[in-house]
file coords08.txt (compact mmCIF, C-alpha atoms)
# COMPACT_ATOMS: atom_id res chain seq x y z
CA MET M 1 0.00 0.00 0.00
CA SER M 2 1.01 3.63 -0.32
CA ASN M 3 3.45 5.06 2.16
CA ASN M 4 0.89 7.83 2.64
CA SER M 5 -1.72 5.50 4.16
CA GLU M 6 -2.24 5.62 7.92
CA PHE M 7 -3.62 2.97 10.27
CA LEU M 8 -5.45 3.68 13.49
CA TRP M 9 -7.38 1.44 15.89
CA TYR M 10 -10.37 2.03 18.16
CA ILE M 11 -10.69 2.48 21.92
CA PRO M 12 -14.32 1.91 22.95
CA ASN M 13 -14.52 4.35 25.90
CA ASP M 14 -17.59 2.78 27.49
CA VAL M 15 -18.68 2.45 31.12
CA LYS M 16 -20.09 -1.01 30.41
CA ALA M 17 -17.79 -3.97 29.85
CA GLY M 18 -18.10 -6.30 26.87
CA HIS M 19 -18.39 -3.72 24.10
CA ARG M 20 -18.97 -5.58 20.80
CA GLY M 21 -17.87 -8.88 22.28
CA ASP M 22 -14.83 -7.48 24.09
CA SER M 23 -13.45 -9.35 27.10
CA ALA M 24 -15.46 -8.27 30.15
CA VAL M 25 -12.45 -7.78 32.39
CA GLU M 26 -12.51 -6.03 35.75
CA ASN M 27 -11.67 -2.31 35.55
CA HIS M 28 -12.09 -2.44 31.78
CA ASN M 29 -12.21 1.36 31.49
CA SER M 30 -9.66 2.25 34.16
CA LEU M 31 -6.74 4.45 33.20
CA ASP M 32 -4.34 1.53 33.58
CA THR M 33 -6.39 -0.70 31.27
CA LEU M 34 -6.90 1.98 28.63
CA THR M 35 -3.22 2.88 28.83
CA SER M 36 -2.32 -0.76 28.16
CA HIS M 37 -4.28 -0.47 24.91
CA ALA M 38 -2.61 2.80 23.91
CA ARG M 39 0.87 1.45 24.66
CA ALA M 40 0.15 -1.77 22.78
CA LEU M 41 -0.82 0.35 19.79
CA GLU M 42 2.56 2.09 19.96
CA GLU M 43 4.41 -1.20 20.28
CA HIS M 44 2.61 -2.97 17.44
CA GLY M 45 2.83 -0.39 14.66
CA TRP M 46 -0.39 1.62 14.95
CA LYS M 47 -0.52 5.40 14.58
CA GLY M 48 -3.19 5.90 17.24
CA ALA M 49 -6.87 5.24 17.90
CA LEU M 50 -10.33 6.71 17.52
CA ILE M 51 -11.94 7.32 20.92
CA GLY M 52 -15.73 7.30 20.79
CA THR M 53 -18.09 9.92 22.17
CA GLY M 54 -21.70 10.24 23.31
CA TRP M 55 -23.60 11.24 26.42
CA GLY M 56 -23.46 8.35 28.88
CA ARG M 57 -19.84 7.57 28.02
CA PRO M 58 -16.73 8.90 29.80
CA ASP M 59 -15.72 12.34 28.53
CA THR M 60 -13.70 11.67 25.40
CA PHE M 61 -11.36 14.64 25.61
CA THR M 62 -10.38 13.79 29.20
CA VAL M 63 -9.66 10.17 28.24
CA ALA M 64 -7.60 11.28 25.24
CA ALA M 65 -5.55 13.74 27.29
CA SER M 66 -4.87 11.12 29.95
CA LEU M 67 -3.70 8.53 27.41
CA ALA M 68 -1.57 11.05 25.56
CA ALA M 69 0.18 11.92 28.83
CA ARG M 70 1.08 8.25 29.38
CA THR M 71 2.40 7.60 25.85
CA THR M 72 4.98 9.08 23.50
CA THR M 73 3.75 8.49 19.92
CA PHE M 74 0.08 7.49 20.37
CA GLU M 75 -2.20 9.90 18.46
CA PRO M 76 -5.76 10.13 19.80
CA LEU M 77 -8.51 10.71 17.24
CA ILE M 78 -10.85 12.54 19.61
CA ALA M 79 -14.56 12.41 18.76
CA ILE M 80 -16.34 15.63 19.77
CA ARG M 81 -19.75 17.21 19.23
CA PRO M 82 -20.56 20.83 18.38
CA GLY M 83 -22.98 21.97 21.07
CA TYR M 84 -21.31 19.89 23.75
CA TRP M 85 -18.40 22.26 23.08
CA ARG M 86 -18.47 25.90 22.05
CA PRO M 87 -15.93 26.76 19.33
CA ALA M 88 -13.53 28.94 21.32
CA ASN M 89 -13.53 26.60 24.35
CA PHE M 90 -12.80 23.65 22.13
CA ALA M 91 -10.19 25.44 20.01
CA SER M 92 -8.32 26.41 23.19
CA ALA M 93 -8.50 22.93 24.75
CA ALA M 94 -7.36 21.20 21.55
CA ALA M 95 -4.55 23.71 20.95
CA THR M 96 -3.33 23.17 24.50
CA LEU M 97 -3.34 19.37 24.19
CA ASP M 98 -1.70 19.61 20.78
CA HIS M 99 1.04 21.78 22.29
CA LEU M 100 1.60 19.45 25.24
CA THR M 101 1.79 16.35 23.01
CA GLY M 102 3.97 17.81 20.28
CA GLY M 103 1.27 17.75 17.61
CA ARG M 104 -0.42 14.40 18.24
CA VAL M 105 -4.07 15.54 18.26
CA ARG M 106 -6.65 14.51 15.65
CA ILE M 107 -10.34 15.44 15.80
CA ASN M 108 -13.45 13.54 14.68
CA ILE M 109 -16.44 15.89 14.37
CA VAL M 110 -19.69 14.04 15.16
CA SER M 111 -23.05 15.52 14.18
CA GLY M 112 -25.28 12.50 14.71
CA LYS M 113 -28.12 12.40 17.20
CA ASP M 114 -27.31 12.34 20.92
CA ASN M 115 -29.06 12.93 24.25
CA LEU M 116 -28.70 16.68 23.81
CA SER M 117 -31.01 17.78 26.61
CA ALA M 118 -28.91 15.85 29.14
CA TYR M 119 -26.07 18.32 28.68
CA GLY M 120 -28.22 21.37 27.97
CA ASP M 121 -28.03 21.48 24.19
CA SER M 122 -30.74 21.70 21.55
CA GLU M 123 -30.86 21.49 17.79
CA GLY M 124 -33.39 22.07 15.06
CA ASP M 125 -33.88 19.93 11.98
CA GLN M 126 -31.17 18.22 9.98
CA ALA M 127 -30.45 21.35 7.94
CA HIS M 128 -29.87 23.37 11.10
CA ARG M 129 -27.74 20.62 12.67
CA TYR M 130 -25.32 20.51 9.77
CA ALA M 131 -25.33 24.28 9.28
CA ARG M 132 -24.23 24.59 12.89
CA THR M 133 -21.53 21.96 12.38
CA LYS M 134 -20.24 23.79 9.30
CA GLU M 135 -20.08 27.05 11.25
CA PHE M 136 -18.32 25.33 14.17
CA MET M 137 -15.63 23.77 11.98
CA ARG M 138 -14.96 26.95 10.03
CA LEU M 139 -14.70 29.05 13.19
CA VAL M 140 -12.42 26.60 15.04
CA ARG M 141 -10.10 26.46 12.04
CA ARG M 142 -9.95 30.27 11.97
CA LEU M 143 -9.19 30.37 15.69
CA TRP M 144 -6.29 27.96 15.13
CA THR M 145 -4.82 29.80 12.15
CA GLU M 146 -5.68 33.48 12.72
CA GLU M 147 -5.36 35.98 15.55
CA ASN M 148 -7.88 38.51 16.88
CA VAL M 149 -10.75 36.63 15.27
CA THR M 150 -14.12 38.35 15.21
CA SER M 151 -17.04 36.37 13.85
CA ALA M 152 -20.81 36.59 14.26
CA GLY M 153 -22.65 33.62 12.84
CA GLU M 154 -26.15 32.28 13.31
CA ASN M 155 -25.03 29.91 16.08
CA PHE M 156 -21.68 31.10 17.49
CA TRP M 157 -19.81 34.35 17.91
CA VAL M 158 -16.44 35.57 19.17
CA ALA M 159 -14.84 39.01 19.31
CA GLU M 160 -11.09 39.71 19.06
CA SER M 161 -10.35 36.11 20.03
CA THR M 162 -6.79 34.76 19.97
CA VAL M 163 -6.33 31.14 21.05
CA VAL M 164 -3.12 30.34 22.91
CA PRO M 165 -0.85 28.50 22.71
CA ARG M 166 -0.60 29.00 18.97
CA ILE M 167 -0.39 25.82 16.88
CA PRO M 168 2.92 25.70 14.99
CA VAL M 169 3.01 24.56 11.37
CA ARG M 170 4.57 21.08 11.15
CA GLY M 171 5.35 20.31 7.51
CA ASP M 172 1.99 20.48 5.70
CA ARG M 173 0.07 20.24 8.99
CA ARG M 174 -1.27 23.63 10.04
CA HIS M 175 -3.53 22.31 12.80
CA PRO M 176 -5.19 19.04 13.95
CA LYS M 177 -7.06 17.44 11.07
CA PHE M 178 -10.87 17.27 11.08
CA TYR M 179 -12.27 13.81 10.38
CA PHE M 180 -15.98 13.80 9.55
CA GLY M 181 -18.72 11.28 8.72
CA GLY M 182 -22.24 11.30 7.37
CA ALA M 183 -23.98 10.13 4.20
CA SER M 184 -26.93 12.51 3.91
CA GLU M 185 -26.87 15.31 1.36
CA ALA M 186 -26.51 17.87 4.16
CA ALA M 187 -23.57 15.98 5.67
CA GLU M 188 -21.81 15.61 2.33
CA ARG M 189 -22.04 19.35 1.66
CA VAL M 190 -20.31 20.01 4.99
CA ALA M 191 -17.64 17.39 4.28
CA ALA M 192 -16.99 18.78 0.80
CA THR M 193 -16.24 22.27 2.12
CA GLU M 194 -15.02 21.89 5.73
CA ALA M 195 -13.62 18.42 6.50
CA ASP M 196 -10.02 17.31 6.05
CA ILE M 197 -10.91 13.59 5.96
CA GLN M 198 -14.28 12.02 5.15
CA LEU M 199 -14.72 8.71 7.00
CA PHE M 200 -16.84 5.99 5.41
CA TRP M 201 -18.31 2.95 7.13
CA GLY M 202 -17.55 -0.47 5.63
CA GLU M 203 -19.65 -0.28 2.50
CA PRO M 204 -18.94 -2.33 -0.63
CA LEU M 205 -16.32 -1.00 -3.01
CA ASP M 206 -18.82 0.27 -5.57
CA GLY M 207 -20.65 2.34 -2.97
CA VAL M 208 -17.46 3.87 -1.60
CA GLY M 209 -16.23 4.64 -5.11
CA GLU M 210 -19.48 6.41 -5.97
CA ARG M 211 -19.34 8.51 -2.80
CA ILE M 212 -15.72 9.53 -3.37
CA ALA M 213 -16.57 10.68 -6.91
CA ARG M 214 -19.61 12.58 -5.67
CA LEU M 215 -17.68 14.32 -2.87
CA LYS M 216 -14.89 15.36 -5.25
CA ALA M 217 -17.45 16.83 -7.64
CA LEU M 218 -19.25 18.55 -4.78
CA SER M 219 -15.99 20.07 -3.55
CA ARG M 220 -15.51 21.65 -6.97
CA GLU M 221 -19.12 22.78 -7.20
CA LEU M 222 -19.01 24.43 -3.77
CA ASP M 223 -15.61 26.08 -4.39
CA ARG M 224 -13.77 24.35 -1.58
CA ASP M 225 -10.98 26.67 -0.38
CA LEU M 226 -9.04 24.08 1.65
CA PRO M 227 -6.53 21.41 0.55
CA PRO M 228 -8.20 18.48 -1.28
CA LEU M 229 -10.53 16.33 0.79
CA GLU M 230 -8.99 13.02 1.89
CA PHE M 231 -10.88 9.79 2.55
CA GLY M 232 -10.90 7.17 5.31
CA LEU M 233 -12.51 3.83 6.15
CA ARG M 234 -13.81 2.80 9.58
CA ILE M 235 -14.40 -0.96 9.60
CA THR M 236 -14.12 -4.15 11.62
CA THR M 237 -11.36 -6.50 10.42
CA LEU M 238 -11.66 -10.09 11.65
CA VAL M 239 -8.25 -11.65 11.01
CA ARG M 240 -7.19 -15.21 11.80
CA ASP M 241 -4.30 -17.45 10.79
CA THR M 242 -6.34 -19.07 8.01
CA THR M 243 -9.34 -18.10 5.91
CA GLU M 244 -11.29 -21.07 7.22
CA GLN M 245 -10.66 -20.20 10.87
CA ALA M 246 -11.63 -16.58 10.27
CA TRP M 247 -14.99 -17.51 8.77
CA ALA M 248 -15.67 -20.09 11.48
CA ASP M 249 -15.03 -17.46 14.16
CA ALA M 250 -17.05 -14.81 12.31
CA GLU M 251 -20.05 -17.11 12.02
CA ALA M 252 -19.75 -18.07 15.68
CA LYS M 253 -19.72 -14.41 16.68
CA VAL M 254 -22.83 -13.68 14.63
CA ALA M 255 -24.57 -16.72 16.14
CA GLU M 256 -23.82 -15.31 19.60
CA MET M 257 -25.13 -11.90 18.51
CA ALA M 258 -28.34 -13.58 17.39
CA ARG M 259 -28.64 -15.49 20.66
CA SER M 260 -28.10 -12.38 22.80
CA LYS M 261 -30.15 -10.12 20.50
CA GLY M 262 -27.15 -7.91 19.89
CA THR M 263 -26.38 -7.13 23.52
CA GLY M 264 -23.33 -4.87 23.67
CA TRP M 265 -23.57 -3.96 19.97
CA HIS M 266 -26.25 -1.27 19.94
CA ASP M 267 -24.23 1.92 20.47
CA HIS M 268 -25.42 3.33 17.12
CA GLN M 269 -29.07 2.40 17.42
CA ARG M 270 -30.56 5.48 19.16
CA ALA M 271 -31.65 7.18 15.94
CA LEU M 272 -30.65 5.87 12.54
CA ALA M 273 -28.89 8.41 10.36
CA VAL M 274 -28.74 7.97 6.59
CA GLY M 275 -25.31 6.32 6.67
CA GLN M 276 -26.30 3.92 9.46
CA GLN M 277 -29.42 2.85 7.58
CA ARG M 278 -27.45 2.29 4.38
CA LEU M 279 -25.11 0.03 6.31
CA LEU M 280 -27.83 -1.94 8.04
CA ASP M 281 -29.63 -2.52 4.73
CA LEU M 282 -26.60 -4.11 3.07
CA HIS M 283 -27.38 -7.63 4.26
CA GLU M 284 -30.41 -7.57 1.95
CA ARG M 285 -27.91 -7.78 -0.95
CA GLY M 286 -26.36 -10.93 0.54
CA ASP M 287 -24.41 -12.11 3.58
CA VAL M 288 -21.06 -11.67 1.79
CA LEU M 289 -20.37 -8.84 -0.68
CA ASP M 290 -17.26 -8.18 -2.76
CA ASP M 291 -14.68 -10.82 -1.75
CA ASN M 292 -15.12 -10.98 2.02
CA LEU M 293 -17.32 -8.13 3.31
CA TYR M 294 -19.56 -9.89 5.84
CA THR M 295 -22.92 -8.13 6.23
CA ALA M 296 -24.70 -10.66 8.47
CA PRO M 297 -23.83 -8.75 11.71
CA GLY M 298 -26.18 -6.00 10.55
CA LYS M 299 -29.13 -8.36 10.95
CA PHE M 300 -28.58 -8.34 14.69
CA GLY M 301 -27.87 -4.70 15.40
CA GLY M 302 -24.17 -4.40 14.63
CA GLY M 303 -24.27 -0.62 14.42
CA GLY M 304 -21.54 1.57 12.95
CA ALA M 305 -18.26 -0.22 12.34
CA GLY M 306 -19.75 -3.36 13.90
CA THR M 307 -22.27 -3.76 11.06
CA THR M 308 -19.96 -5.09 8.34
CA TRP M 309 -16.69 -6.97 8.77
CA LEU M 310 -13.82 -7.81 6.46
CA VAL M 311 -13.15 -11.47 7.25
CA GLY M 312 -10.21 -13.70 6.42
CA SER M 313 -6.53 -14.37 6.82
CA ALA M 314 -4.20 -11.40 7.07
CA GLU M 315 -3.52 -11.80 3.35
CA ASP M 316 -7.26 -11.85 2.53
CA VAL M 317 -8.00 -8.72 4.54
CA ALA M 318 -4.90 -6.88 3.27
CA ARG M 319 -5.96 -7.62 -0.29
CA SER M 320 -9.40 -6.12 0.36
CA LEU M 321 -8.01 -3.04 2.08
CA ARG M 322 -5.71 -2.45 -0.89
CA LYS M 323 -8.79 -2.31 -3.12
CA TYR M 324 -10.20 0.47 -0.94
CA GLU M 325 -6.87 2.25 -1.20
CA ASP M 326 -7.06 1.96 -4.99
CA LEU M 327 -10.30 3.99 -4.75
CA GLY M 328 -8.53 6.77 -2.86
CA ILE M 329 -8.78 5.72 0.80
CA THR M 330 -5.65 6.69 2.75
CA HIS M 331 -6.86 6.69 6.38
CA PHE M 332 -7.92 3.38 7.93
CA VAL M 333 -9.53 2.97 11.37
CA LEU M 334 -9.70 -0.77 12.08
CA SER M 335 -10.80 -2.87 15.05
CA ASP M 336 -11.97 -6.24 16.30
CA THR M 337 -12.56 -7.77 19.71
CA PRO M 338 -11.07 -8.63 22.11
CA TYR M 339 -9.55 -5.21 21.46
CA LEU M 340 -6.23 -5.67 23.24
CA SER M 341 -5.29 -9.04 21.78
CA GLU M 342 -6.40 -7.93 18.31
CA ILE M 343 -4.24 -4.79 18.52
CA LYS M 344 -1.31 -7.16 18.82
CA ARG M 345 -2.44 -9.81 16.33
CA GLN M 346 -3.37 -7.39 13.57
CA GLY M 347 -0.43 -5.10 14.29
CA ASP M 348 1.93 -8.05 13.85
CA GLN M 349 0.16 -9.93 11.05
CA LEU M 350 -1.84 -7.40 9.04
CA LEU M 351 0.05 -4.11 9.19
CA PRO M 352 3.34 -5.49 7.74
CA LEU M 353 1.41 -6.67 4.66
CA LEU M 354 -0.17 -3.24 4.24
CA ARG M 355 3.16 -1.48 4.47
CA GLY M 356 5.05 -3.89 2.25

call {"tool": "encode", "arguments": {"input": "coords08.txt", "output": "structure tokens"}}
result
Amino acid sequence: MSNNSEFLWYIPNDVKAGHRGDSAVENHNSLDTLTSHARALEEHGWKGALIGTGWGRPDTFTVAASLAARTTTFEPLIAIRPGYWRPANFASAAATLDHLTGGRVRINIVSGKDNLSAYGDSEGDQAHRYARTKEFMRLVRRLWTEENVTSAGENFWVAESTVVPRIPVRGDRRHPKFYFGGASEAAERVAATEADIQLFWGEPLDGVGERIARLKALSRELDRDLPPLEFGLRITTLVRDTTEQAWADAEAKVAEMARSKGTGWHDHQRALAVGQQRLLDLHERGDVLDDNLYTAPGKFGGGGAGTTWLVGSAEDVARSLRKYEDLGITHFVLSDTPYLSEIKRQGDQLLPLLRG
């Protein structure tokens, strides 16, 4: 694969043990346990990890800062929500953490539904939600790259605002990159103009290819004034020593999901966004799409990256990921459970094939 491709993992950040079939160990979300994951990522070739967000989960930014303080190269991809944060507060917090970590911060902007009233937020319809997200992203980027910023938008305002510490330019990196998701028309218009990296769920190759082409065209149509939009894939990768063992384990996992009615897998089921529904509907096209994209988990409430899995030996999965790269994907966020042992297995078996 290209030397430009990057590989991150996933840290579940959940108060309940057993997330997506993870080992239900004692103190599963303690700082020591989470640090063991972050350090294993460093030791086994990963760039960092996405840390999930949502009301009812530990505060993502606090978890990310704590793990960054206990590691040296681990880069947290911190999921945050406009509304939970105001732009200037967030820009300051992220700039501070970026300064303290030597430029290791990445940001995933989440606009999906959440329990907004629990933390005192409110939103209008979808159009308003994404308009607010667009305004948030544009203002935060200005606060990171300009001084004495004055801006009065429909949702946020600042006057003569200068965020400190200033974020130094590091090569072509002017500030932490914004990852973004969403498959609705409103979401794609925000991605085309404001995001640095558009993340896709594990859709078949034809669907991802169509969306990349559409987003590139939309970027031109909307006169994007940022560097070209990049693309990423967030997907479960079930890797075993042989193809046969991988499929046996995958089918056993799905059988357990069916038996337990998806217990521990429903973190994306509160309100189905367009992208989530697209993913859940894939199993209607067949249990296996492309070479080894397993859609059966979606029958039992997989949700998000747990809905479709790339299944096989390290060679099988690497071959499939290369096909996504051929479409233009350069950022990969992978995972499987048990999270800690799979960090090591896939770091040792899969990543060398992707970098070869």

call {"tool": "closest_residue", "arguments": {"input": "coords08.txt", "among": "M:Tyr84, M:Asn27, M:Phe7, M:Gln277", "to": "Ser117 in chain M", "atoms": "only C-alpha atoms"}}
result
M:Tyr84

call {"tool": "residues_around", "arguments": {"input": "coords08.txt", "residues": "range 98-104 of chain M", "least_positions_apart": "6", "cutoff": "10 Å", "atoms": "all atoms listed in the file", "output": "list in words"}}
result
Lys47, Gly48, Ala65, Ala68, Ala69, Thr71, Thr72, Thr73, Phe74, Glu75, Pro76, Leu77, Ser92, Val164, Pro165, Arg166, Ile167, Pro168, Val169, Arg170, Arg173, Arg174, His175 and Pro176 of chain M

call {"tool": "atom_distance", "arguments": {"input": "coords08.txt", "atom1": "CA of Glu230 in chain M", "atom2": "CA of Arg322 in chain M"}}
result
16.1 Å

call {"tool": "residues_around", "arguments": {"input": "coords08.txt", "residues": "Phe332 in chain M", "least_positions_apart": "3", "cutoff": "9 Å", "atoms": "all atoms listed in the file", "output": "ChimeraX atom specification"}}
result
/M:5-9,199,231-235,321,329

call {"tool": "residues_around", "arguments": {"input": "coords08.txt", "residues": "Ser313 in chain M", "least_positions_apart": "5", "cutoff": "7 Å", "atoms": "only C-alpha atoms", "output": "MDAnalysis selection string"}}
result
chainID M and resid 239:243 246

call {"tool": "closest_residue", "arguments": {"input": "coords08.txt", "among": "M:Ala64, M:Ala49, M:Gln126, M:Ala296", "to": "Ala252 in chain M", "atoms": "only C-alpha atoms"}}
result
M:Ala296

call {"tool": "closest_residue", "arguments": {"input": "coords08.txt", "among": "M:Leu143, M:Leu334, M:Ala93, M:Ala186", "to": "Trp157 in chain M", "atoms": "only C-alpha atoms"}}
result
M:Leu143

call {"tool": "residues_around", "arguments": {"input": "coords08.txt", "residues": "Ala318 in chain M", "least_positions_apart": "3", "cutoff": "9 Å", "atoms": "only C-alpha atoms", "output": "list in words"}}
result
Ser313, Ala314, Glu315, Leu321, Arg322, Lys323, Leu350, Leu351, Leu353 and Leu354 of chain M

call {"tool": "write_last_selection", "arguments": {"input": "coords08.txt", "atoms": "C-alpha atoms", "output": "compact mmCIF listing (two decimals), in the frame of the given file"}}
result
# COMPACT_ATOMS: atom_id res chain seq x y z
CA SER M 313 -6.53 -14.37 6.82
CA ALA M 314 -4.20 -11.40 7.07
CA GLU M 315 -3.52 -11.80 3.35
CA LEU M 321 -8.01 -3.04 2.08
CA ARG M 322 -5.71 -2.45 -0.89
CA LYS M 323 -8.79 -2.31 -3.12
CA LEU M 350 -1.84 -7.40 9.04
CA LEU M 351 0.05 -4.11 9.19
CA LEU M 353 1.41 -6.67 4.66
CA LEU M 354 -0.17 -3.24 4.24

call {"tool": "atom_distance", "arguments": {"input": "coords08.txt", "atom1": "CA of Gly112 in chain M", "atom2": "CA of Leu222 in chain M"}}
result
22.9 Å

call {"tool": "closest_residue", "arguments": {"input": "coords08.txt", "among": "M:Leu205, M:Leu327, M:Ala195, M:Leu229", "to": "Arg141 in chain M", "atoms": "only C-alpha atoms"}}
result
M:Ala195

call {"tool": "decode", "arguments": {"input": "coords08.txt", "residues": "range 50-62 of chain M", "atoms": "C-alpha atoms", "output": "PDB file, in the first residue's frame"}}
result
ATOM      1  CA  LEU M  50     -10.333   6.707  17.516  1.00  0.00           C
ATOM      2  CA  ILE M  51     -11.938   7.322  20.918  1.00  0.00           C
ATOM      3  CA  GLY M  52     -15.733   7.298  20.788  1.00  0.00           C
ATOM      4  CA  THR M  53     -18.092   9.920  22.175  1.00  0.00           C
ATOM      5  CA  GLY M  54     -21.696  10.245  23.310  1.00  0.00           C
ATOM      6  CA  TRP M  55     -23.597  11.242  26.420  1.00  0.00           C
ATOM      7  CA  GLY M  56     -23.457   8.352  28.884  1.00  0.00           C
ATOM      8  CA  ARG M  57     -19.842   7.572  28.016  1.00  0.00           C
ATOM      9  CA  PRO M  58     -16.734   8.897  29.796  1.00  0.00           C
ATOM     10  CA  ASP M  59     -15.723  12.337  28.535  1.00  0.00           C
ATOM     11  CA  THR M  60     -13.695  11.670  25.404  1.00  0.00           C
ATOM     12  CA  PHE M  61     -11.356  14.635  25.614  1.00  0.00           C
ATOM     13  CA  THR M  62     -10.384  13.786  29.200  1.00  0.00           C
TER      14      THR M  62
END
